[in-house]
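Novice: Structure supplied as model28.pdb; contents: PDB, C-alpha atoms, pLDDT in the B column.
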ATOM      1  CA  MET D   1      -1.188   4.551 -29.967  1.00 46.00           C
ATOM      2  CA  THR D   2       0.037   2.977 -33.250  1.00 43.00           C
ATOM      3  CA  LYS D   3       3.403   1.291 -33.770  1.00 43.00           C
ATOM      4  CA  LEU D   4       4.474   4.200 -35.976  1.00 37.00           C
ATOM      5  CA  MET D   5       3.675   6.738 -33.239  1.00 36.00           C
ATOM      6  CA  ILE D   6       5.478   4.662 -30.613  1.00 33.00           C
ATOM      7  CA  ALA D   7       8.541   4.395 -32.832  1.00 37.00           C
ATOM      8  CA  ALA D   8       8.491   8.147 -33.464  1.00 35.00           C
ATOM      9  CA  LEU D   9       8.228   8.858 -29.728  1.00 36.00           C
ATOM     10  CA  ALA D  10      11.163   6.543 -29.034  1.00 41.00           C
ATOM     11  CA  VAL D  11      13.252   8.398 -31.617  1.00 38.00           C
ATOM     12  CA  VAL D  12      12.370  11.755 -30.023  1.00 39.00           C
ATOM     13  CA  LEU D  13      13.296  10.555 -26.526  1.00 44.00           C
ATOM     14  CA  THR D  14      16.530   9.009 -27.789  1.00 47.00           C
ATOM     15  CA  THR D  15      17.416  12.228 -29.597  1.00 47.00           C
ATOM     16  CA  GLN D  16      16.696  14.263 -26.456  1.00 54.00           C
ATOM     17  CA  ALA D  17      18.911  11.994 -24.369  1.00 54.00           C
ATOM     18  CA  GLN D  18      21.740  12.181 -26.894  1.00 61.00           C
ATOM     19  CA  ALA D  19      21.495  15.985 -27.025  1.00 82.00           C
ATOM     20  CA  LEU D  20      22.104  16.379 -23.281  1.00 87.00           C
ATOM     21  CA  THR D  21      25.301  17.957 -22.033  1.00 95.00           C
ATOM     22  CA  GLN D  22      27.411  15.941 -19.588  1.00 94.00           C
ATOM     23  CA  GLU D  23      26.127  18.113 -16.754  1.00 94.00           C
ATOM     24  CA  GLU D  24      22.507  17.512 -17.769  1.00 94.00           C
ATOM     25  CA  HIS D  25      23.191  13.797 -18.184  1.00 95.00           C
ATOM     26  CA  ASP D  26      24.581  13.595 -14.642  1.00 95.00           C
ATOM     27  CA  TYR D  27      21.583  15.523 -13.302  1.00 97.00           C
ATOM     28  CA  PHE D  28      19.115  13.080 -14.871  1.00 96.00           C
ATOM     29  CA  THR D  29      21.068   9.935 -13.925  1.00 95.00           C
ATOM     30  CA  ILE D  30      20.055   8.158 -10.704  1.00 95.00           C
ATOM     31  CA  ASP D  31      23.020   7.163  -8.554  1.00 95.00           C
ATOM     32  CA  THR D  32      21.637   5.772  -5.280  1.00 95.00           C
ATOM     33  CA  VAL D  33      18.288   4.417  -4.084  1.00 95.00           C
ATOM     34  CA  THR D  34      17.493   3.616  -0.451  1.00 94.00           C
ATOM     35  CA  VAL D  35      14.355   2.324   1.283  1.00 94.00           C
ATOM     36  CA  GLN D  36      14.321   2.426   5.081  1.00 94.00           C
ATOM     37  CA  GLU D  37      11.929   2.514   8.015  1.00 94.00           C
ATOM     38  CA  ILE D  38      11.664   5.940   9.653  1.00 92.00           C
ATOM     39  CA  PRO D  39       9.758   7.573  12.557  1.00 88.00           C
ATOM     40  CA  ASP D  40       6.304   8.756  11.534  1.00 73.00           C
ATOM     41  CA  GLU D  41       6.459  12.556  11.608  1.00 62.00           C
ATOM     42  CA  SER D  42       4.503  13.393   8.464  1.00 57.00           C
ATOM     43  CA  PRO D  43       2.204  16.431   8.623  1.00 53.00           C
ATOM     44  CA  LEU D  44       0.120  14.910   5.811  1.00 50.00           C
ATOM     45  CA  LEU D  45      -0.752  11.929   7.989  1.00 49.00           C
ATOM     46  CA  GLY D  46      -1.935  14.065  10.868  1.00 46.00           C
ATOM     47  CA  SER D  47      -5.409  14.305   9.353  1.00 44.00           C
ATOM     48  CA  THR D  48      -5.569  10.668   8.225  1.00 45.00           C
ATOM     49  CA  LYS D  49      -8.096   8.584  10.113  1.00 45.00           C
ATOM     50  CA  THR D  50      -8.239   4.815  10.319  1.00 43.00           C
ATOM     51  CA  PHE D  51     -11.253   2.650  11.033  1.00 44.00           C
ATOM     52  CA  GLU D  52     -12.691   2.985  14.496  1.00 44.00           C
ATOM     53  CA  TYR D  53     -12.431  -0.132  16.622  1.00 42.00           C
ATOM     54  CA  THR D  54     -14.476  -1.585  19.479  1.00 41.00           C
ATOM     55  CA  GLN D  55     -13.815  -3.799  22.462  1.00 43.00           C
ATOM     56  CA  ASP D  56     -15.142  -7.360  22.637  1.00 43.00           C
ATOM     57  CA  LEU D  57     -18.919  -7.335  22.767  1.00 41.00           C
ATOM     58  CA  PRO D  58     -21.539 -10.104  22.505  1.00 43.00           C
ATOM     59  CA  ILE D  59     -22.749 -10.887  19.003  1.00 42.00           C
ATOM     60  CA  SER D  60     -25.892  -8.895  18.301  1.00 45.00           C
ATOM     61  CA  PRO D  61     -29.099 -10.871  18.901  1.00 41.00           C
ATOM     62  CA  GLN D  62     -30.282  -9.471  15.582  1.00 39.00           C
ATOM     63  CA  ILE D  63     -27.916 -11.864  13.792  1.00 43.00           C
ATOM     64  CA  SER D  64     -30.009 -14.982  13.312  1.00 44.00           C
ATOM     65  CA  GLN D  65     -28.724 -18.544  13.364  1.00 41.00           C
ATOM     66  CA  ILE D  66     -29.309 -18.730   9.612  1.00 36.00           C
ATOM     67  CA  LYS D  67     -27.121 -15.682   8.987  1.00 49.00           C
ATOM     68  CA  GLN D  68     -24.402 -17.082  11.242  1.00 49.00           C
ATOM     69  CA  LEU D  69     -24.354 -20.272   9.178  1.00 48.00           C
ATOM     70  CA  GLU D  70     -23.757 -18.191   6.054  1.00 82.00           C
ATOM     71  CA  VAL D  71     -20.388 -17.050   7.420  1.00 90.00           C
ATOM     72  CA  GLU D  72     -17.411 -19.341   6.733  1.00 93.00           C
ATOM     73  CA  VAL D  73     -14.871 -18.332   9.365  1.00 92.00           C
ATOM     74  CA  ASP D  74     -12.068 -20.455   7.876  1.00 90.00           C
ATOM     75  CA  THR D  75     -12.492 -19.091   4.336  1.00 95.00           C
ATOM     76  CA  ILE D  76     -10.789 -15.701   4.267  1.00 97.00           C
ATOM     77  CA  ILE D  77     -11.408 -13.198   1.489  1.00 96.00           C
ATOM     78  CA  ASN D  78     -10.645  -9.568   0.677  1.00 96.00           C
ATOM     79  CA  ILE D  79     -13.819  -7.453   0.761  1.00 92.00           C
ATOM     80  CA  GLY D  80     -11.825  -4.309  -0.026  1.00 93.00           C
ATOM     81  CA  GLU D  81      -9.843  -3.049  -2.999  1.00 93.00           C
ATOM     82  CA  LYS D  82      -7.195  -4.992  -4.945  1.00 96.00           C
ATOM     83  CA  ILE D  83      -5.260  -2.176  -6.616  1.00 96.00           C
ATOM     84  CA  TRP D  84      -5.210   1.622  -6.356  1.00 96.00           C
ATOM     85  CA  ALA D  85      -2.995   4.628  -7.014  1.00 95.00           C
ATOM     86  CA  ILE D  86      -1.350   6.535  -4.151  1.00 95.00           C
ATOM     87  CA  VAL D  87       0.569   9.017  -6.313  1.00 95.00           C
ATOM     88  CA  GLU D  88      -0.801  10.260  -9.623  1.00 91.00           C
ATOM     89  CA  ALA D  89       0.858  12.897 -11.815  1.00 83.00           C
ATOM     90  CA  GLY D  90       3.276  13.640  -8.984  1.00 84.00           C
ATOM     91  CA  LYS D  91       0.520  14.321  -6.441  1.00 88.00           C
ATOM     92  CA  PRO D  92      -0.367  12.192  -3.371  1.00 90.00           C
ATOM     93  CA  VAL D  93      -3.759  10.449  -3.290  1.00 86.00           C
ATOM     94  CA  VAL D  94      -5.142   9.751   0.192  1.00 77.00           C
ATOM     95  CA  ASN D  95      -8.496   7.998   0.633  1.00 77.00           C
ATOM     96  CA  VAL D  96      -8.155   5.473   3.450  1.00 67.00           C
ATOM     97  CA  GLN D  97     -11.884   4.809   3.734  1.00 68.00           C
ATOM     98  CA  LEU D  98     -12.141   3.611   0.121  1.00 77.00           C
ATOM     99  CA  ASN D  99      -8.636   2.456  -0.774  1.00 92.00           C
ATOM    100  CA  SER D 100      -7.910  -0.399   1.610  1.00 95.00           C
ATOM    101  CA  ALA D 101      -7.982  -4.188   1.768  1.00 97.00           C
ATOM    102  CA  SER D 102      -9.179  -6.690   4.346  1.00 97.00           C
ATOM    103  CA  ALA D 103      -8.904 -10.332   5.364  1.00 98.00           C
ATOM    104  CA  MET D 104     -12.422 -11.295   6.448  1.00 97.00           C
ATOM    105  CA  PRO D 105     -14.435 -14.509   6.753  1.00 97.00           C
ATOM    106  CA  ALA D 106     -16.490 -15.316   3.666  1.00 95.00           C
ATOM    107  CA  GLY D 107     -20.036 -14.047   4.093  1.00 94.00           C
ATOM    108  CA  ILE D 108     -19.061 -10.894   5.981  1.00 94.00           C
ATOM    109  CA  LYS D 109     -19.993  -7.714   4.137  1.00 91.00           C
ATOM    110  CA  ASP D 110     -18.687  -5.068   6.537  1.00 92.00           C
ATOM    111  CA  TRP D 111     -15.897  -4.902   9.126  1.00 93.00           C
ATOM    112  CA  GLN D 112     -18.413  -3.707  11.735  1.00 94.00           C
ATOM    113  CA  GLN D 113     -19.988  -7.181  11.761  1.00 95.00           C
ATOM    114  CA  LEU D 114     -16.897  -8.288  13.688  1.00 97.00           C
ATOM    115  CA  VAL D 115     -15.852  -7.238  17.202  1.00 97.00           C
ATOM    116  CA  GLY D 116     -12.678  -7.061  19.259  1.00 97.00           C
ATOM    117  CA  TRP D 117     -10.668  -4.860  16.910  1.00 97.00           C
ATOM    118  CA  LYS D 118      -7.320  -3.707  18.313  1.00 97.00           C
ATOM    119  CA  THR D 119      -5.653  -0.312  18.010  1.00 95.00           C
ATOM    120  CA  PRO D 120      -4.379   0.206  14.432  1.00 95.00           C
ATOM    121  CA  ARG D 121      -0.702  -0.490  13.730  1.00 96.00           C
ATOM    122  CA  SER D 122       1.491   1.390  11.289  1.00 95.00           C
ATOM    123  CA  LEU D 123       5.077   1.774  10.130  1.00 96.00           C
ATOM    124  CA  THR D 124       6.516   4.452   7.862  1.00 96.00           C
ATOM    125  CA  TYR D 125       9.151   3.952   5.168  1.00 97.00           C
ATOM    126  CA  ARG D 126      11.246   6.418   3.191  1.00 96.00           C
ATOM    127  CA  VAL D 127      12.308   6.030  -0.440  1.00 96.00           C
ATOM    128  CA  HIS D 128      15.261   8.260  -1.288  1.00 96.00           C
ATOM    129  CA  TYR D 129      16.849   8.818  -4.726  1.00 97.00           C
ATOM    130  CA  THR D 130      19.975  10.852  -5.465  1.00 97.00           C
ATOM    131  CA  ASN D 131      21.597  11.685  -8.800  1.00 96.00           C
ATOM    132  CA  LEU D 132      25.272  11.805  -9.824  1.00 97.00           C
ATOM    133  CA  PHE D 133      25.544  15.259  -8.235  1.00 96.00           C
ATOM    134  CA  THR D 134      24.385  13.638  -4.931  1.00 96.00           C
ATOM    135  CA  MET D 135      21.292  15.857  -5.110  1.00 97.00           C
ATOM    136  CA  ASN D 136      18.008  14.629  -3.610  1.00 96.00           C
ATOM    137  CA  VAL D 137      15.810  14.082  -6.675  1.00 97.00           C
ATOM    138  CA  VAL D 138      13.028  11.941  -5.180  1.00 97.00           C
ATOM    139  CA  ASP D 139      12.068  11.849  -1.504  1.00 97.00           C
ATOM    140  CA  PHE D 140       8.959   9.722  -0.938  1.00 96.00           C
ATOM    141  CA  SER D 141       7.655   8.455   2.405  1.00 96.00           C
ATOM    142  CA  TYR D 142       4.681   6.138   2.795  1.00 96.00           C
ATOM    143  CA  ARG D 143       2.838   4.579   5.693  1.00 96.00           C
ATOM    144  CA  VAL D 144       1.830   0.896   5.934  1.00 97.00           C
ATOM    145  CA  MET D 145      -1.192   0.672   8.233  1.00 96.00           C
ATOM    146  CA  PHE D 146      -3.861  -1.827   9.279  1.00 97.00           C
ATOM    147  CA  THR D 147      -6.345  -2.706  12.018  1.00 97.00           C
ATOM    148  CA  TYR D 148      -6.263  -6.255  13.343  1.00 98.00           C
ATOM    149  CA  GLY D 149      -7.708  -8.736  15.832  1.00 98.00           C
ATOM    150  CA  GLY D 150     -11.398  -8.652  14.929  1.00 98.00           C
ATOM    151  CA  ASN D 151     -13.302 -11.871  15.589  1.00 97.00           C
ATOM    152  CA  TYR D 152     -16.627 -13.355  14.562  1.00 96.00           C
ATOM    153  CA  ASN D 153     -18.591 -14.979  17.375  1.00 94.00           C
ATOM    154  CA  GLY D 154     -15.354 -15.528  19.287  1.00 95.00           C
ATOM    155  CA  GLN D 155     -13.538 -17.145  16.380  1.00 96.00           C
ATOM    156  CA  GLY D 156     -10.620 -15.936  14.326  1.00 98.00           C
ATOM    157  CA  HIS D 157      -8.269 -12.984  14.080  1.00 98.00           C
ATOM    158  CA  TYR D 158      -9.028 -10.857  11.037  1.00 98.00           C
ATOM    159  CA  VAL D 159      -7.708  -7.701   9.350  1.00 98.00           C
ATOM    160  CA  THR D 160      -9.401  -4.541   8.084  1.00 97.00           C
ATOM    161  CA  GLY D 161      -8.203  -1.173   6.812  1.00 96.00           C
ATOM    162  CA  ALA D 162      -4.967  -2.598   5.392  1.00 97.00           C
ATOM    163  CA  THR D 163      -3.525   0.135   3.222  1.00 96.00           C
ATOM    164  CA  ILE D 164      -0.466   2.099   2.182  1.00 96.00           C
ATOM    165  CA  VAL D 165      -0.787   5.878   2.076  1.00 94.00           C
ATOM    166  CA  PRO D 166       1.638   8.613   0.988  1.00 94.00           C
ATOM    167  CA  ALA D 167       3.223  10.680   3.740  1.00 92.00           C
ATOM    168  CA  ILE D 168       5.758  12.995   2.098  1.00 92.00           C
ATOM    169  CA  LEU D 169       6.589  13.516  -1.562  1.00 94.00           C
ATOM    170  CA  ASP D 170       9.294  15.784  -2.970  1.00 95.00           C
ATOM    171  CA  VAL D 171      10.315  15.391  -6.617  1.00 95.00           C
ATOM    172  CA  ALA D 172      13.016  17.448  -8.347  1.00 96.00           C
ATOM    173  CA  TRP D 173      12.441  19.311 -11.601  1.00 96.00           C
ATOM    174  CA  GLY D 174      12.667  17.046 -14.646  1.00 96.00           C
ATOM    175  CA  TYR D 175      11.725  13.905 -12.723  1.00 97.00           C
ATOM    176  CA  SER D 176       8.318  12.211 -12.838  1.00 96.00           C
ATOM    177  CA  PHE D 177       6.926   9.945 -10.126  1.00 96.00           C
ATOM    178  CA  LYS D 178       3.890   7.699  -9.673  1.00 96.00           C
ATOM    179  CA  ALA D 179       3.017   4.903  -7.254  1.00 97.00           C
ATOM    180  CA  THR D 180       0.375   2.200  -6.858  1.00 97.00           C
ATOM    181  CA  VAL D 181      -0.621  -0.402  -4.267  1.00 98.00           C
ATOM    182  CA  GLU D 182      -1.607  -3.966  -5.139  1.00 98.00           C
ATOM    183  CA  ILE D 183      -3.054  -6.762  -2.976  1.00 98.00           C
ATOM    184  CA  PRO D 184      -1.925 -10.053  -4.572  1.00 97.00           C
ATOM    185  CA  THR D 185      -2.636 -12.435  -1.695  1.00 96.00           C
ATOM    186  CA  VAL D 186      -5.122 -12.879   1.148  1.00 98.00           C
ATOM    187  CA  ILE D 187      -4.756 -16.133   3.102  1.00 98.00           C
ATOM    188  CA  ASN D 188      -5.671 -18.040   6.251  1.00 98.00           C
ATOM    189  CA  MET D 189      -2.473 -18.401   8.286  1.00 96.00           C
ATOM    190  CA  GLY D 190      -4.211 -20.305  11.075  1.00 96.00           C
ATOM    191  CA  THR D 191      -6.437 -23.363  11.245  1.00 96.00           C
ATOM    192  CA  ALA D 192     -10.054 -24.046  10.362  1.00 94.00           C
ATOM    193  CA  GLN D 193     -10.955 -23.721  14.055  1.00 93.00           C
ATOM    194  CA  ASN D 194      -8.740 -20.701  14.747  1.00 95.00           C
ATOM    195  CA  PRO D 195      -8.286 -18.775  11.475  1.00 97.00           C
ATOM    196  CA  VAL D 196      -5.793 -15.909  11.183  1.00 98.00           C
ATOM    197  CA  GLY D 197      -6.142 -13.544   8.259  1.00 98.00           C
ATOM    198  CA  GLY D 198      -3.031 -12.500   6.366  1.00 98.00           C
ATOM    199  CA  ILE D 199      -2.546  -9.916   3.603  1.00 98.00           C
ATOM    200  CA  GLN D 200       0.381  -9.253   1.288  1.00 98.00           C
ATOM    201  CA  MET D 201       0.626  -5.639   0.122  1.00 98.00           C
ATOM    202  CA  ASN D 202       2.902  -4.503  -2.696  1.00 98.00           C
ATOM    203  CA  VAL D 203       3.746  -0.851  -3.288  1.00 98.00           C
ATOM    204  CA  SER D 204       5.275  -0.108  -6.690  1.00 98.00           C
ATOM    205  CA  TRP D 205       6.673   3.195  -7.885  1.00 97.00           C
ATOM    206  CA  GLU D 206       8.152   4.524 -11.098  1.00 97.00           C
ATOM    207  CA  VAL D 207      10.706   7.307 -11.488  1.00 97.00           C
ATOM    208  CA  GLY D 208      11.168   8.801 -14.938  1.00 96.00           C
ATOM    209  CA  THR D 209      13.494  11.235 -16.715  1.00 95.00           C
ATOM    210  CA  VAL D 210      14.330  12.011 -20.332  1.00 94.00           C
ATOM    211  CA  ILE D 211      17.024   9.328 -20.056  1.00 94.00           C
ATOM    212  CA  LYS D 212      15.078   6.378 -18.630  1.00 91.00           C
ATOM    213  CA  ASN D 213      12.237   5.132 -16.441  1.00 94.00           C
ATOM    214  CA  SER D 214      12.935   2.844 -13.489  1.00 94.00           C
ATOM    215  CA  GLN D 215      10.432   0.766 -11.519  1.00 95.00           C
ATOM    216  CA  THR D 216      10.807  -0.553  -7.976  1.00 96.00           C
ATOM    217  CA  ARG D 217       8.569  -2.571  -5.666  1.00 96.00           C
ATOM    218  CA  ALA D 218       8.469  -3.227  -1.926  1.00 97.00           C
ATOM    219  CA  SER D 219       6.296  -5.924  -0.332  1.00 98.00           C
ATOM    220  CA  TYR D 220       4.801  -6.183   3.141  1.00 98.00           C
ATOM    221  CA  PHE D 221       2.751  -8.780   5.004  1.00 98.00           C
ATOM    222  CA  VAL D 222       0.288  -8.061   7.812  1.00 98.00           C
ATOM    223  CA  ASP D 223      -1.890 -10.437   9.811  1.00 98.00           C
ATOM    224  CA  GLY D 224      -4.729 -10.658  12.300  1.00 98.00           C
ATOM    225  CA  LEU D 225      -2.318 -11.046  15.220  1.00 98.00           C
ATOM    226  CA  GLY D 226      -0.846  -7.601  14.595  1.00 98.00           C
ATOM    227  CA  GLN D 227       2.375  -8.612  12.851  1.00 98.00           C
ATOM    228  CA  LEU D 228       3.810  -6.435  10.072  1.00 98.00           C
ATOM    229  CA  LYS D 229       6.804  -7.713   8.112  1.00 97.00           C
ATOM    230  CA  GLN D 230       8.740  -6.397   5.137  1.00 96.00           C
ATOM    231  CA  LEU D 231       9.288  -9.154   2.584  1.00 95.00           C
ATOM    232  CA  ASP D 232      12.515  -9.659   0.656  1.00 78.00           C
TER     233      ASP D 232
END
Hey, can you dump this file as structure tokens for me?

Specialist:
Amino acid sequence: MTKLMIAALAVVLTTQAQALTQEEHDYFTIDTVTVQEIPDESPLLGSTKTFEYTQDLPISPQISQIKQLEVEVDTIINIGEKIWAIVEAGKPVVNVQLNSASAMPAGIKDWQQLVGWKTPRSLTYRVHYTNLFTMNVVDFSYRVMFTYGGNYNGQGHYVTGATIVPAILDVAWGYSFKATVEIPTVINMGTAQNPVGGIQMNVSWEVGTVIKNSQTRASYFVDGLGQLKQLD
């Protein structure tokens, strides 16, 4: 898009905003925004499946000593995705099997090479926007979920299936909404002998009207010990 086209679009949007009546202006003006943890009662999430987990089992004899040496248990990397959309064009996008991150030892190619995975953990959060009429204009719930505790040959506590998925989305007429997830950091929170994988997950969303667009972000941190924290 050229500078001339961008300038023309800005003029059109400004003209539209100026042409609004006071009632229309109040309808398209956001008054309050809240983000809070809520019970998980989403019908959309009823069909969502996480990674299956297994109890502690001996390392397969098929893994040779050479292959074991290729794994660096204290070097933790993300073998999953780094950024993905969870709401596009006002519609939820749910693909847990593909759109997730992990905190795994370097050299591991698949979460099934580790054992001892615990039951997945999850928390659900609600984003709620109202306008100057106190009307609900955006109601968006999302679920932060991950599977933790996997170990390699008895060492470490790692993370797989770390993701954020949409639960409920309700957007009023005249409002646009989109959301993405980003994985900025994967670290070792433990020691070289007892590594603990940690993942920061950011969920960002944008609400738009003819008056303005506003962007907001929430950050969460999960680890191989099963902790899930919301960051400031």

Novice: Compile the contact shell of Glu182 (chain D) as a CSV table (one decimal) with C-alpha atoms, in the frame of the given file: residues with an atom at most 7 Å away, counting all atoms listed in the file, same-chain residues fewer than 6 positions apart removed.

Specialist:
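This went into part31.csv:
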chain,number,residue,atom,x,y,z
D,82,LYS,CA,-7.2,-5.0,-4.9
D,83,ILE,CA,-5.3,-2.2,-6.6
D,84,TRP,CA,-5.2,1.6,-6.4
D,201,MET,CA,0.6,-5.6,0.1
D,202,ASN,CA,2.9,-4.5,-2.7
D,203,VAL,CA,3.7,-0.9,-3.3

Novice: Residue by residue, what does the PyMOL selection byres ((chain D and resi 157) around 7) grab here? Present the result as an NGL selection string.

Specialist: :D and (149-151 or 156 or 158 or 195-197 or 224-225)

Novice: Can you measure CA of Val71 (chain D) to CA of Leu114 (chain D) for me? One decimal in Å is fine.

Specialist: 11.3 Å

Novice: Determine the nearest neighbour of Gly107 (chain D) from the options D:Thr185, D:Thr75, D:Thr209, D:Ser122, counting all atoms listed in the file.

Specialist: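 Ranking D:Thr185, D:Thr75, D:Thr209, D:Ser122 by distance to Gly107 (chain D), first place goes to D:Thr75.
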
Novice: Translate the PyMOL selection byres ((chain D and resi 93) around 12), as applied to the file shown, into an explicit residue set as a list of chain:residue names.

Specialist: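 Expected selection for the PyMOL selection byres ((chain D and resi 93) around 12) here is D:Leu44, D:Leu45, D:Thr48, D:Trp84, D:Ala85, D:Ile86, D:Val87, D:Glu88, D:Ala89, D:Gly90, D:Lys91, D:Pro92, D:Val94, D:Asn95, D:Val96, D:Leu98, D:Asn99, D:Tyr142, D:Ile164, D:Val165, D:Pro166, D:Ala167, D:Ile168, D:Leu169, D:Lys178, D:Ala179, D:Thr180, D:Val181.
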
Novice: Find the residues near Lys118 (chain D): any atom within 7 Å, counting only C-alpha atoms, skip ones fewer than 2 places away on the same chain, and give them as a CSV table (one decimal) with C-alpha atoms, in the frame of the given file.

Specialist:
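The resulting part_33.csv:
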chain,number,residue,atom,x,y,z
D,53,TYR,CA,-12.4,-0.1,16.6
D,116,GLY,CA,-12.7,-7.1,19.3
D,120,PRO,CA,-4.4,0.2,14.4
D,147,THR,CA,-6.3,-2.7,12.0
D,148,TYR,CA,-6.3,-6.3,13.3
D,149,GLY,CA,-7.7,-8.7,15.8

Novice: Report the distance between CA of Thr134 (chain D) and CA of His25 (chain D) in Å, rounded to one decimal place.

Specialist: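 If I compute the distance from CA of Thr134 (chain D) to CA of His25 (chain D), I get 13.3 Å.
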
Novice: Can you tell me, as a ChimeraX atom specification, what residues are no more than 12 Å from region 21-24 of chain D when counting all atoms listed in the file, ignoring any on the same chain fewer than 5 positions away?

Specialist: /D:16,29-30,131-133,173-174,209-211

Novice: Output region 71-88 of chain D as a PDB file, keeping the file's coordinate frame, making sure N, CA and C atoms are there.

Specialist:
ATOM      1  N   VAL D  71     -21.759 -17.529   7.272  1.00 90.00           N
ATOM      2  CA  VAL D  71     -20.388 -17.050   7.420  1.00 90.00           C
ATOM      3  C   VAL D  71     -19.436 -18.234   7.548  1.00 90.00           C
ATOM      4  N   GLU D  72     -18.416 -18.285   6.687  1.00 93.00           N
ATOM      5  CA  GLU D  72     -17.411 -19.341   6.733  1.00 93.00           C
ATOM      6  C   GLU D  72     -16.144 -18.754   7.353  1.00 93.00           C
ATOM      7  N   VAL D  73     -15.962 -18.992   8.646  1.00 92.00           N
ATOM      8  CA  VAL D  73     -14.871 -18.332   9.365  1.00 92.00           C
ATOM      9  C   VAL D  73     -13.492 -18.758   8.872  1.00 92.00           C
ATOM     10  N   ASP D  74     -13.377 -19.964   8.308  1.00 90.00           N
ATOM     11  CA  ASP D  74     -12.068 -20.455   7.876  1.00 90.00           C
ATOM     12  C   ASP D  74     -11.758 -20.131   6.414  1.00 90.00           C
ATOM     13  N   THR D  75     -12.723 -19.532   5.709  1.00 95.00           N
ATOM     14  CA  THR D  75     -12.492 -19.091   4.336  1.00 95.00           C
ATOM     15  C   THR D  75     -12.320 -17.582   4.350  1.00 95.00           C
ATOM     16  N   ILE D  76     -11.101 -17.126   4.109  1.00 97.00           N
ATOM     17  CA  ILE D  76     -10.789 -15.701   4.267  1.00 97.00           C
ATOM     18  C   ILE D  76     -10.672 -15.033   2.905  1.00 97.00           C
ATOM     19  N   ILE D  77     -11.381 -13.921   2.759  1.00 96.00           N
ATOM     20  CA  ILE D  77     -11.408 -13.198   1.489  1.00 96.00           C
ATOM     21  C   ILE D  77     -11.132 -11.710   1.723  1.00 96.00           C
ATOM     22  N   ASN D  78     -10.837 -11.021   0.646  1.00 96.00           N
ATOM     23  CA  ASN D  78     -10.645  -9.568   0.677  1.00 96.00           C
ATOM     24  C   ASN D  78     -11.939  -8.903   0.237  1.00 96.00           C
ATOM     25  N   ILE D  79     -12.594  -8.163   1.138  1.00 92.00           N
ATOM     26  CA  ILE D  79     -13.819  -7.453   0.761  1.00 92.00           C
ATOM     27  C   ILE D  79     -13.523  -5.991   0.439  1.00 92.00           C
ATOM     28  N   GLY D  80     -12.227  -5.672   0.320  1.00 93.00           N
ATOM     29  CA  GLY D  80     -11.825  -4.309  -0.026  1.00 93.00           C
ATOM     30  C   GLY D  80     -11.317  -4.215  -1.448  1.00 93.00           C
ATOM     31  N   GLU D  81     -10.396  -3.275  -1.669  1.00 93.00           N
ATOM     32  CA  GLU D  81      -9.843  -3.049  -2.999  1.00 93.00           C
ATOM     33  C   GLU D  81      -8.659  -3.985  -3.265  1.00 93.00           C
ATOM     34  N   LYS D  82      -8.324  -4.151  -4.554  1.00 96.00           N
ATOM     35  CA  LYS D  82      -7.195  -4.992  -4.945  1.00 96.00           C
ATOM     36  C   LYS D  82      -6.030  -4.189  -5.512  1.00 96.00           C
ATOM     37  N   ILE D  83      -6.321  -3.018  -6.069  1.00 96.00           N
ATOM     38  CA  ILE D  83      -5.260  -2.176  -6.616  1.00 96.00           C
ATOM     39  C   ILE D  83      -5.739  -0.732  -6.651  1.00 96.00           C
ATOM     40  N   TRP D  84      -4.850   0.208  -6.310  1.00 96.00           N
ATOM     41  CA  TRP D  84      -5.210   1.622  -6.356  1.00 96.00           C
ATOM     42  C   TRP D  84      -3.941   2.476  -6.424  1.00 96.00           C
ATOM     43  N   ALA D  85      -4.115   3.689  -6.898  1.00 95.00           N
ATOM     44  CA  ALA D  85      -2.995   4.628  -7.014  1.00 95.00           C
ATOM     45  C   ALA D  85      -2.847   5.420  -5.722  1.00 95.00           C
ATOM     46  N   ILE D  86      -1.589   5.669  -5.312  1.00 95.00           N
ATOM     47  CA  ILE D  86      -1.350   6.535  -4.151  1.00 95.00           C
ATOM     48  C   ILE D  86      -0.600   7.802  -4.550  1.00 95.00           C
ATOM     49  N   VAL D  87      -0.015   7.801  -5.739  1.00 95.00           N
ATOM     50  CA  VAL D  87       0.569   9.017  -6.313  1.00 95.00           C
ATOM     51  C   VAL D  87       0.224   9.037  -7.794  1.00 95.00           C
ATOM     52  N   GLU D  88      -0.438  10.092  -8.219  1.00 91.00           N
ATOM     53  CA  GLU D  88      -0.801  10.260  -9.623  1.00 91.00           C
ATOM     54  C   GLU D  88      -0.320  11.624 -10.098  1.00 91.00           C
TER      55      GLU D  88
END
